file structure-v3.txt (compact mmCIF, C-alpha atoms)
# COMPACT_ATOMS: atom_id res chain seq x y z
CA MET A 662 3.13 -11.10 -18.53
CA SER A 663 -0.01 -12.24 -16.72
CA LEU A 664 -0.97 -10.76 -13.34
CA ARG A 665 -0.33 -14.11 -11.66
CA LYS A 666 3.20 -14.35 -13.10
CA ALA A 667 3.95 -10.74 -12.15
CA LEU A 668 2.87 -11.31 -8.55
CA LEU A 669 4.92 -14.51 -8.36
CA ALA A 670 8.03 -12.76 -9.69
CA ALA A 671 7.64 -9.85 -7.27
CA THR A 672 7.27 -12.25 -4.36
CA MET A 673 10.40 -14.21 -5.29
CA LEU A 674 12.43 -10.99 -5.64
CA ALA A 675 11.23 -9.74 -2.25
CA LEU A 676 12.13 -12.92 -0.37
CA PRO A 677 15.84 -12.07 0.19
CA LEU A 678 15.06 -8.52 1.28
CA ALA A 679 12.41 -9.66 3.77
CA ALA A 680 14.54 -12.37 5.38
CA GLN A 681 13.26 -13.05 8.83
CA ALA A 682 15.51 -11.91 11.68
CA GLN A 683 16.62 -14.91 13.75
CA PRO A 684 18.05 -15.04 17.28
CA VAL A 685 21.86 -14.94 17.25
CA SER A 686 23.35 -18.32 18.08
CA GLY A 687 27.04 -18.74 18.81
CA LEU A 688 30.02 -16.47 18.18
CA TYR A 689 29.64 -13.05 16.58
CA ILE A 690 31.66 -9.89 16.00
CA ALA A 691 30.36 -6.34 15.66
CA GLY A 692 31.61 -2.84 15.04
CA GLY A 693 30.29 0.63 14.49
CA PHE A 694 31.06 4.30 14.02
CA GLY A 695 29.03 7.42 14.69
CA ALA A 696 28.57 10.78 16.36
CA ASN A 697 29.22 11.44 20.05
CA TRP A 698 27.75 14.25 22.11
CA LEU A 699 29.62 14.88 25.35
CA GLN A 700 27.51 16.69 27.92
CA ASP A 701 28.78 19.92 29.45
CA ALA A 702 30.92 18.88 32.41
CA LYS A 703 31.14 20.62 35.76
CA LEU A 704 34.69 21.43 36.84
CA GLY A 705 35.84 21.82 40.39
CA ALA A 706 39.45 22.63 41.33
CA THR A 707 40.88 20.83 44.37
CA GLY A 708 43.98 21.00 46.57
CA PRO A 709 46.60 23.73 46.16
CA LEU A 710 45.06 24.83 42.88
CA ALA A 711 41.75 25.63 44.57
CA ASP A 712 43.58 27.59 47.28
CA SER A 713 45.57 29.52 44.68
CA LEU A 714 42.42 30.43 42.74
CA ALA A 715 40.66 31.51 45.92
CA ARG A 716 43.56 33.77 46.95
CA SER A 717 43.31 35.38 43.51
CA GLY A 718 39.59 35.99 43.93
CA ILE A 719 38.59 33.34 41.37
CA SER A 720 35.87 30.76 41.99
CA PRO A 721 37.32 27.23 41.91
CA ARG A 722 34.25 26.00 40.01
CA GLY A 723 33.42 26.18 36.31
CA GLU A 724 31.92 24.25 33.41
CA VAL A 725 33.39 22.97 30.15
CA ALA A 726 31.37 22.61 26.92
CA PHE A 727 32.35 20.36 23.99
CA ASN A 728 31.77 20.24 20.25
CA THR A 729 30.14 17.22 18.61
CA GLY A 730 32.72 14.45 18.27
CA PHE A 731 32.90 10.86 17.10
CA VAL A 732 32.83 7.35 18.52
CA GLY A 733 34.14 4.02 17.27
CA LEU A 734 33.72 0.63 18.85
CA ALA A 735 34.27 -3.10 18.25
CA SER A 736 32.96 -6.10 20.14
CA LEU A 737 33.19 -9.88 20.40
CA GLY A 738 30.09 -11.70 21.64
CA TRP A 739 28.11 -14.89 22.02
CA GLY A 740 24.43 -15.44 21.27
CA PHE A 741 22.52 -18.06 23.25
CA GLY A 742 19.86 -18.66 20.57
CA ASN A 743 16.99 -17.43 22.77
CA GLY A 744 17.39 -13.67 22.29
CA LEU A 745 20.06 -13.23 24.97
CA ARG A 746 23.57 -12.11 23.99
CA ALA A 747 26.71 -11.26 25.94
CA GLU A 748 29.77 -9.44 24.62
CA VAL A 749 32.99 -7.64 25.42
CA GLU A 750 33.38 -4.23 23.80
CA GLY A 751 36.21 -1.80 23.26
CA SER A 752 35.37 1.84 22.47
CA TYR A 753 36.96 5.19 21.73
CA ARG A 754 35.32 8.65 21.90
CA GLN A 755 36.77 12.08 21.15
CA ASN A 756 35.37 15.61 21.46
CA ASP A 757 37.05 18.99 21.07
CA VAL A 758 36.61 21.60 23.79
CA ASP A 759 34.31 24.44 22.78
CA LYS A 760 34.49 26.80 25.75
CA ILE A 761 34.96 26.94 29.50
CA ARG A 762 32.60 29.00 31.64
CA GLY A 763 32.38 29.95 35.29
CA PHE A 764 35.92 31.00 36.30
CA ARG A 765 35.82 34.77 36.75
CA GLY A 766 37.81 36.52 34.08
CA THR A 767 37.90 33.60 31.63
CA THR A 768 38.04 34.35 27.93
CA SER A 769 36.74 32.42 24.92
CA GLN A 770 40.24 31.12 24.23
CA ALA A 771 39.53 27.56 25.46
CA ASP A 772 41.26 24.72 23.66
CA GLY A 773 42.08 21.02 23.91
CA LYS A 774 40.46 17.62 23.52
CA SER A 775 38.63 15.14 25.70
CA ARG A 776 39.03 11.42 24.98
CA SER A 777 37.32 8.42 26.54
CA TYR A 778 38.39 4.84 25.86
CA GLY A 779 38.04 1.54 27.63
CA VAL A 780 36.44 -1.88 27.90
CA MET A 781 32.80 -2.77 28.67
CA ALA A 782 30.97 -6.04 29.33
CA ASN A 783 27.47 -5.89 27.82
CA VAL A 784 24.30 -8.00 27.93
CA PHE A 785 21.61 -7.69 25.23
CA TYR A 786 18.12 -9.03 24.67
CA ASP A 787 16.61 -9.21 21.16
CA LEU A 788 12.93 -8.25 21.33
CA ASP A 789 10.02 -9.84 19.45
CA PHE A 790 7.71 -7.01 18.41
CA THR A 791 5.99 -8.78 15.49
CA ARG A 792 2.74 -8.84 17.46
CA PHE A 793 2.80 -5.02 17.37
CA GLY A 794 3.22 -4.88 13.60
CA VAL A 795 7.03 -4.59 13.50
CA PRO A 796 8.24 -6.40 10.32
CA THR A 797 9.94 -9.76 10.89
CA TYR A 798 13.12 -8.55 9.18
CA VAL A 799 13.62 -5.82 11.83
CA GLN A 800 15.08 -6.99 15.16
CA PRO A 801 14.85 -4.42 17.99
CA TYR A 802 17.12 -4.98 20.99
CA ILE A 803 18.04 -3.40 24.29
CA GLY A 804 21.10 -3.81 26.45
CA GLY A 805 23.32 -2.50 29.18
CA GLY A 806 26.88 -2.85 30.36
CA ILE A 807 29.51 -2.07 32.94
CA GLY A 808 33.23 -1.62 32.60
CA TYR A 809 36.19 0.71 32.98
CA ILE A 810 36.77 3.92 31.01
CA TRP A 811 39.84 6.16 30.95
CA ARG A 812 39.20 9.90 30.57
CA ASP A 813 42.01 11.85 28.91
CA PHE A 814 42.18 15.67 28.93
CA ASP A 815 44.66 16.50 26.17
CA ASP A 816 46.01 20.02 26.80
CA VAL A 817 42.66 21.48 27.88
CA ARG A 818 43.38 25.12 28.77
CA VAL A 819 41.75 28.50 29.27
CA ASN A 820 43.08 31.98 30.00
CA VAL A 821 42.20 33.49 33.40
CA LEU A 822 43.27 37.02 34.55
CA GLY A 823 46.19 37.02 32.16
CA GLY A 824 47.28 33.58 33.32
CA GLN A 825 46.29 30.10 32.28
CA LEU A 826 44.59 27.04 33.71
CA ARG A 827 45.77 23.86 31.99
CA SER A 828 44.68 20.20 32.32
CA SER A 829 46.56 17.40 30.63
CA ASP A 830 46.07 14.08 32.39
CA THR A 831 44.37 10.65 32.21
CA ASP A 832 42.18 9.10 34.88
CA GLY A 833 40.29 5.77 34.79
CA ARG A 834 36.91 5.16 36.49
CA PHE A 835 34.05 2.66 36.69
CA ALA A 836 31.63 3.09 33.75
CA TYR A 837 28.09 2.06 32.87
CA GLN A 838 25.95 2.29 29.73
CA GLY A 839 22.47 1.71 28.31
CA ILE A 840 21.83 0.69 24.69
CA ALA A 841 18.81 0.54 22.36
CA GLY A 842 19.10 -0.56 18.75
CA LEU A 843 17.71 -2.18 15.60
CA ALA A 844 19.26 -4.94 13.48
CA VAL A 845 18.29 -5.68 9.86
CA PRO A 846 19.67 -8.87 8.21
CA LEU A 847 21.52 -8.32 4.92
CA THR A 848 21.09 -11.80 3.45
CA GLN A 849 20.16 -10.26 0.09
CA PHE A 850 23.91 -9.72 -0.39
CA GLY A 851 24.51 -13.46 -0.05
CA VAL A 852 26.10 -13.36 3.44
CA THR A 853 24.12 -15.29 6.01
CA GLY A 854 24.52 -13.84 9.50
CA LEU A 855 25.41 -10.29 8.41
CA SER A 856 23.18 -7.53 9.85
CA LEU A 857 23.11 -3.76 9.68
CA THR A 858 22.72 -2.16 13.13
CA ALA A 859 21.63 1.28 14.30
CA GLU A 860 22.04 2.18 17.98
CA TYR A 861 21.66 4.85 20.60
CA ARG A 862 24.06 4.57 23.56
CA PHE A 863 24.41 6.45 26.79
CA LEU A 864 27.78 6.09 28.54
CA GLY A 865 28.51 7.53 31.94
CA THR A 866 31.40 7.21 34.40
CA LEU A 867 32.11 8.10 37.96
CA GLU A 868 33.63 11.58 38.35
CA HIS A 869 37.20 11.80 37.07
CA SER A 870 40.05 13.61 38.81
CA ILE A 871 42.37 15.36 36.34
CA ASP A 872 45.67 17.03 37.22
CA THR A 873 45.47 20.78 36.54
CA THR A 874 48.06 23.53 36.80
CA SER A 875 47.84 27.31 36.96
CA SER A 876 50.54 29.71 35.85
CA GLY A 877 51.13 33.39 35.13
CA GLY A 878 48.73 36.24 35.56
CA GLY A 879 47.46 37.46 38.89
CA PHE A 880 47.85 34.21 40.85
CA SER A 881 50.76 32.03 41.85
CA SER A 882 51.69 28.93 39.92
CA SER A 883 50.35 25.77 41.53
CA ARG A 884 49.37 22.19 40.78
CA GLY A 885 46.20 20.44 41.90
CA GLY A 886 43.26 18.45 40.62
CA THR A 887 40.03 19.14 38.78
CA LYS A 888 36.93 16.99 39.21
CA SER A 889 35.16 16.41 35.90
CA GLU A 890 31.92 14.65 34.90
CA ASN A 891 31.73 12.36 31.85
CA TYR A 892 28.31 11.71 30.25
CA ASN A 893 28.16 10.68 26.58
CA HIS A 894 25.27 10.26 24.10
CA SER A 895 26.10 8.36 20.89
CA ALA A 896 24.33 7.53 17.60
CA ILE A 897 26.07 4.62 15.88
CA ILE A 898 25.69 2.76 12.58
CA GLY A 899 27.44 -0.59 12.41
CA LEU A 900 27.61 -4.18 11.19
CA ARG A 901 27.27 -7.45 13.07
CA TYR A 902 28.31 -10.86 11.78
CA ALA A 903 27.17 -14.09 13.42
CA PHE A 904 29.41 -17.01 12.42
CA ASN A 905 27.01 -19.87 13.15
CA GLN A 906 23.75 -18.30 12.03
CA PRO A 907 21.55 -20.94 10.33
CA ARG A 908 20.63 -20.27 6.74
CA PRO A 909 17.00 -19.19 6.42
CA VAL A 910 14.82 -21.84 4.86
CA ALA A 911 13.47 -20.58 1.56
CA PRO A 912 9.72 -20.87 1.39
CA ALA A 913 8.29 -23.30 -1.09
CA PRO A 914 7.69 -21.72 -4.53
CA MET A 915 4.24 -20.36 -4.99
CA VAL A 916 2.17 -22.75 -7.07
CA ALA A 917 -1.20 -21.80 -8.41
CA PRO A 918 -3.84 -24.01 -6.83
CA ALA A 919 -5.38 -26.59 -9.10
CA PRO A 920 -8.81 -25.52 -10.32
CA ALA A 921 -11.57 -27.04 -8.28
CA ALA A 922 -13.32 -29.91 -9.95
CA ALA A 923 -16.59 -28.86 -11.49
CA PRO A 924 -19.56 -30.21 -9.56
CA ALA A 925 -21.27 -33.17 -11.17
CA PRO A 926 -24.32 -32.06 -13.17
CA ALA A 927 -27.62 -32.55 -11.42
CA ARG A 928 -29.79 -35.44 -12.67
CA THR A 929 -33.46 -34.68 -13.26
CA TYR A 930 -36.31 -37.17 -13.60
CA LEU A 931 -39.85 -36.16 -14.70
CA VAL A 932 -42.91 -37.99 -13.36
CA PHE A 933 -46.18 -37.11 -15.17
CA PHE A 934 -49.76 -37.35 -13.84
CA ASP A 935 -53.24 -37.70 -15.30
CA PHE A 936 -55.63 -34.75 -15.30
CA ASP A 937 -56.65 -33.70 -11.77
CA ARG A 938 -54.95 -36.76 -10.27
CA ALA A 939 -52.14 -37.25 -7.72
CA ASP A 940 -51.87 -41.08 -7.78
CA LEU A 941 -48.90 -42.76 -9.49
CA THR A 942 -49.19 -44.64 -12.75
CA ASP A 943 -47.08 -47.72 -13.54
CA ARG A 944 -44.86 -45.58 -15.75
CA ALA A 945 -44.48 -43.07 -12.92
CA ARG A 946 -43.39 -45.81 -10.49
CA GLN A 947 -40.85 -47.07 -13.06
CA ILE A 948 -39.28 -43.59 -13.36
CA ILE A 949 -39.16 -43.20 -9.55
CA ALA A 950 -37.43 -46.59 -9.30
CA GLU A 951 -34.78 -45.43 -11.78
CA ALA A 952 -34.22 -42.27 -9.70
CA ALA A 953 -33.89 -44.31 -6.49
CA GLN A 954 -31.31 -46.60 -8.12
CA ALA A 955 -29.31 -43.58 -9.32
CA VAL A 956 -29.27 -42.21 -5.77
CA ASN A 957 -27.57 -45.38 -4.53
CA THR A 958 -25.02 -45.62 -7.37
CA THR A 959 -23.95 -41.98 -7.61
CA GLY A 960 -23.66 -41.14 -3.90
CA THR A 961 -26.28 -38.40 -4.11
CA THR A 962 -26.76 -36.63 -0.78
CA ARG A 963 -29.63 -34.29 -1.59
CA ILE A 964 -32.86 -34.98 -3.48
CA GLU A 965 -35.26 -32.23 -4.48
CA VAL A 966 -38.89 -33.18 -5.26
CA ALA A 967 -40.97 -30.36 -6.81
CA GLY A 968 -44.68 -30.67 -7.71
CA HIS A 969 -46.40 -28.76 -10.55
CA ALA A 970 -49.89 -28.42 -12.12
CA ASP A 971 -51.40 -27.07 -15.34
CA ARG A 972 -53.64 -23.97 -15.51
CA SER A 973 -57.00 -25.67 -15.81
CA GLY A 974 -58.09 -24.90 -12.23
CA THR A 975 -57.78 -22.05 -9.77
CA PRO A 976 -54.27 -21.17 -8.52
CA GLN A 977 -55.21 -22.17 -4.95
CA TYR A 978 -56.48 -25.57 -6.04
CA ASN A 979 -53.48 -26.21 -8.28
CA GLN A 980 -51.12 -25.33 -5.42
CA ARG A 981 -52.66 -28.03 -3.23
CA LEU A 982 -52.73 -30.51 -6.09
CA SER A 983 -49.01 -30.01 -6.83
CA GLN A 984 -48.26 -30.53 -3.13
CA ARG A 985 -50.12 -33.91 -3.14
CA ARG A 986 -48.26 -35.02 -6.26
CA ALA A 987 -44.87 -34.15 -4.69
CA GLU A 988 -45.75 -35.97 -1.47
CA ALA A 989 -46.77 -39.07 -3.46
CA VAL A 990 -43.42 -39.17 -5.24
CA ALA A 991 -41.49 -38.63 -1.98
CA ALA A 992 -43.38 -41.48 -0.34
CA GLU A 993 -42.54 -43.83 -3.22
CA LEU A 994 -38.85 -42.92 -2.96
CA SER A 995 -38.94 -43.71 0.76
CA GLN A 996 -40.49 -47.10 0.04
CA ARG A 997 -37.57 -47.82 -2.29
CA GLY A 998 -35.00 -47.28 0.49
CA ILE A 999 -34.26 -43.55 0.23
CA SER A 1000 -33.98 -41.78 3.61
CA ARG A 1001 -36.71 -39.18 4.09
CA SER A 1002 -34.08 -36.82 5.57
CA GLN A 1003 -32.43 -36.64 2.13
CA ILE A 1004 -35.60 -35.47 0.42
CA THR A 1005 -36.76 -31.86 0.15
CA VAL A 1006 -40.39 -31.43 -0.96
CA GLN A 1007 -41.69 -28.26 -2.65
CA ALA A 1008 -44.92 -27.32 -4.48
CA PHE A 1009 -45.15 -24.60 -7.15
CA GLY A 1010 -48.74 -25.04 -8.38
CA GLU A 1011 -49.18 -23.52 -11.85
CA SER A 1012 -46.44 -20.87 -11.38
CA ARG A 1013 -43.68 -22.75 -13.27
CA PRO A 1014 -45.15 -24.38 -16.35
CA LEU A 1015 -42.93 -26.53 -18.52
CA VAL A 1016 -45.04 -25.42 -21.52
CA PRO A 1017 -46.49 -21.87 -21.21
CA THR A 1018 -50.26 -21.82 -21.84
CA ALA A 1019 -53.25 -19.54 -21.40
CA ASP A 1020 -55.27 -19.75 -18.21
CA GLY A 1021 -57.66 -22.74 -18.13
CA VAL A 1022 -55.71 -24.83 -20.68
CA ARG A 1023 -55.05 -28.49 -19.86
CA GLU A 1024 -51.42 -29.31 -20.66
CA PRO A 1025 -50.14 -32.87 -19.83
CA GLN A 1026 -46.47 -31.82 -19.60
CA ASN A 1027 -47.29 -29.28 -16.89
CA ARG A 1028 -48.91 -31.98 -14.68
CA ARG A 1029 -45.61 -33.24 -13.36
CA VAL A 1030 -43.18 -33.76 -10.46
CA GLU A 1031 -39.48 -33.07 -10.98
CA ILE A 1032 -36.96 -35.26 -9.10
CA VAL A 1033 -33.52 -33.54 -9.00
CA LEU A 1034 -30.49 -35.45 -7.67
CA ARG A 1035 -27.64 -33.24 -6.43

call {"tool": "encode", "arguments": {"input": "structure-v3.txt", "output": "structure tokens"}}
result
Amino acid sequence: MSLRKALLAATMLALPLAAQAQPVSGLYIAGGFGANWLQDAKLGATGPLADSLARSGISPRGEVAFNTGFVGLASLGWGFGNGLRAEVEGSYRQNDVDKIRGFRGTTSQADGKSRSYGVMANVFYDLDFTRFGVPTYVQPYIGGGIGYIWRDFDDVRVNVLGGQLRSSDTDGRFAYQGIAGLAVPLTQFGVTGLSLTAEYRFLGTLEHSIDTTSSGGGFSSSRGGTKSENYNHSAIIGLRYAFNQPRPVAPAPMVAPAPAAAPAPARTYLVFFDFDRADLTDRARQIIAEAAQAVNTTGTTRIEVAGHADRSGTPQYNQRLSQRRAEAVAAELSQRGISRSQITVQAFGESRPLVPTADGVREPQNRRVEIVLR
């Protein structure tokens, strides 16, 4: 296979993979799954529970830490064709409790789960970073949203002074989030509008109030509330499908350019002179007339007139003689209607003989002017 054919084949194979990312236009759906990191949350007992803990000599404040969990989400959106998108999203996050710190006398026997689920309204903007060298098949985007998230403590408990603090309740609060991601079109699989997405999301809510009870041990049983923070960091891989995405226009097949036409060969006319003379003979004028006619019929744009001499005189004398001969030919061309601006005059003296000879030899073929039409 020739190098040209190999390059053409490689280019055609790469076209689907390097499909240019286009702004989403119209209806789309998206979904994703990934890891969720729930920040350590400050806990603060309230109401009768706080009073009961205080009477038992236990601080009503603590902190709960969580293991890495998971997140899943799905959304329905609309692209406006100019980079802006709006969507409604439903999400679910879950993290197991790792440990609870801060309540005097607590043990490592913390247990339970924290869940967050709800609905968000998001706005996105697809960025154009091609000017910074980002490939056209990668579409960065940023976004943000607001909504409502329910926080569920599922049997979150810890032992304190032989007793137990236990939270098992659900509370909904206003939520907000920031999003940064990348989309890569997957048109090489034959599905126009399908893109792979990778995102980072931060989700936060206002402080939740969770019912908490205490029982057993060195303090009286009581019921109250616990204030809890809810800050989530998520890494998500997903898919997005735009229903009305236009099919990318395939570039025209690469065609090898036609070879450039070879330039027309230059025409050369030789005008000969008598010994030690620069005036034109009748034969010389006839040859110059033929050259002038060829200029008009062939569309020549440049005419080179070069004078020469034989080696019978000194180099300095022959240089001047060749110059006079060239000027005589150029003048005759001008009289026959050739513009002087088209003519370039040069003199080479005895330096470029047509027939090499010894110094001092008279050679008729070297006493010449060459007219070259280009």

call {"tool": "closest_residue", "arguments": {"input": "structure-v3.txt", "among": "A:Ala952, A:Ala989, A:Ala903, A:Val1022", "to": "Ser973 of chain A", "atoms": "only C-alpha atoms"}}
result
A:Val1022

call {"tool": "residues_near_point", "arguments": {"input": "structure-v3.txt", "point": "(26.6, -6.1, 26.8)", "cutoff": "9 Å", "atoms": "only C-alpha atoms", "output": "list in words"}}
result
Gly738, Arg746, Ala747, Glu748, Val749, Glu750, Met781, Ala782, Asn783, Val784, Phe785, Gly804, Gly805, Gly806, Ile807, Gln838, Gly839 and Ile840 of chain A

call {"tool": "closest_residue", "arguments": {"input": "structure-v3.txt", "among": "A:Gly779, A:Gln996, A:Tyr689, A:Arg1028", "to": "Leu982 of chain A", "atoms": "only C-alpha atoms"}}
result
A:Arg1028

call {"tool": "closest_residue", "arguments": {"input": "structure-v3.txt", "among": "A:Phe1009, A:Ile871, A:Gln849, A:Gln1026", "to": "Val932 of chain A", "atoms": "all atoms listed in the file"}}
result
A:Gln1026

call {"tool": "closest_residue", "arguments": {"input": "structure-v3.txt", "among": "A:Ile999, A:Ala953, A:Ala1008, A:Leu788", "to": "Tyr978 of chain A", "atoms": "all atoms listed in the file"}}
result
A:Ala1008

call {"tool": "atom_distance", "arguments": {"input": "structure-v3.txt", "atom1": "atom CA of Ser870 of chain A", "atom2": "atom CA of Ser895 of chain A"}}
result
23.3 Å

call {"tool": "build_atoms", "arguments": {"input": "structure-v3.txt", "residues": "segment 778-787 of chain A", "atoms": "all heavy atoms", "output": "tab-separated table (two decimals), keeping the file's coordinate frame"}}
result
chain	number	residue	atom	x	y	z
A	778	TYR	N	38.18	6.15	26.49
A	778	TYR	CA	38.39	4.84	25.86
A	778	TYR	C	38.46	3.79	26.97
A	778	TYR	O	38.85	4.08	28.11
A	778	TYR	CB	39.67	4.83	25.02
A	778	TYR	CG	40.88	5.38	25.72
A	778	TYR	CD1	41.71	4.56	26.50
A	778	TYR	CD2	41.22	6.73	25.61
A	778	TYR	CE1	42.83	5.07	27.14
A	778	TYR	CE2	42.32	7.25	26.25
A	778	TYR	CZ	43.13	6.42	27.01
A	778	TYR	OH	44.23	6.94	27.65
A	779	GLY	N	38.03	2.58	26.62
A	779	GLY	CA	38.04	1.54	27.63
A	779	GLY	C	37.34	0.28	27.18
A	779	GLY	O	37.07	0.06	26.00
A	780	VAL	N	37.02	-0.56	28.16
A	780	VAL	CA	36.44	-1.88	27.90
A	780	VAL	C	35.14	-2.00	28.69
A	780	VAL	O	35.08	-1.62	29.87
A	780	VAL	CB	37.42	-3.00	28.31
A	780	VAL	CG1	36.79	-4.36	28.10
A	780	VAL	CG2	38.72	-2.89	27.52
A	781	MET	N	34.10	-2.57	28.04
A	781	MET	CA	32.80	-2.77	28.67
A	781	MET	C	32.35	-4.21	28.48
A	781	MET	O	32.65	-4.83	27.45
A	781	MET	CB	31.74	-1.83	28.08
A	781	MET	CG	32.07	-0.35	28.16
A	781	MET	SD	32.05	0.29	29.84
A	781	MET	CE	30.29	0.23	30.18
A	782	ALA	N	31.64	-4.74	29.45
A	782	ALA	CA	30.97	-6.04	29.33
A	782	ALA	C	29.48	-5.77	29.22
A	782	ALA	O	28.88	-5.17	30.13
A	782	ALA	CB	31.28	-6.92	30.54
A	783	ASN	N	28.87	-6.22	28.11
A	783	ASN	CA	27.47	-5.89	27.82
A	783	ASN	C	26.60	-7.13	27.78
A	783	ASN	O	27.06	-8.23	27.42
A	783	ASN	CB	27.35	-5.17	26.47
A	783	ASN	CG	28.18	-3.91	26.40
A	783	ASN	OD1	28.25	-3.16	27.38
A	783	ASN	ND2	28.81	-3.67	25.27
A	784	VAL	N	25.33	-6.97	28.08
A	784	VAL	CA	24.30	-8.00	27.93
A	784	VAL	C	23.17	-7.39	27.11
A	784	VAL	O	22.73	-6.27	27.39
A	784	VAL	CB	23.79	-8.50	29.29
A	784	VAL	CG1	22.65	-9.50	29.09
A	784	VAL	CG2	24.91	-9.15	30.09
A	785	PHE	N	22.68	-8.15	26.11
A	785	PHE	CA	21.61	-7.69	25.23
A	785	PHE	C	20.44	-8.67	25.25
A	785	PHE	O	20.63	-9.87	25.53
A	785	PHE	CB	22.09	-7.55	23.78
A	785	PHE	CG	23.12	-6.50	23.57
A	785	PHE	CD1	24.47	-6.80	23.67
A	785	PHE	CD2	22.76	-5.20	23.26
A	785	PHE	CE1	25.44	-5.83	23.47
A	785	PHE	CE2	23.72	-4.23	23.05
A	785	PHE	CZ	25.06	-4.54	23.16
A	786	TYR	N	19.28	-8.15	24.89
A	786	TYR	CA	18.12	-9.03	24.67
A	786	TYR	C	17.42	-8.57	23.40
A	786	TYR	O	17.01	-7.42	23.27
A	786	TYR	CB	17.14	-8.99	25.84
A	786	TYR	CG	16.01	-9.97	25.66
A	786	TYR	CD1	16.22	-11.34	25.76
A	786	TYR	CD2	14.72	-9.52	25.37
A	786	TYR	CE1	15.19	-12.23	25.58
A	786	TYR	CE2	13.68	-10.42	25.19
A	786	TYR	CZ	13.93	-11.78	25.30
A	786	TYR	OH	12.91	-12.67	25.12
A	787	ASP	N	17.31	-9.50	22.42
A	787	ASP	CA	16.61	-9.21	21.16
A	787	ASP	C	15.11	-9.36	21.37
A	787	ASP	O	14.63	-10.42	21.81
A	787	ASP	CB	17.09	-10.17	20.07
A	787	ASP	CG	18.57	-9.99	19.77
A	787	ASP	OD1	19.04	-8.85	19.83
A	787	ASP	OD2	19.26	-11.00	19.50
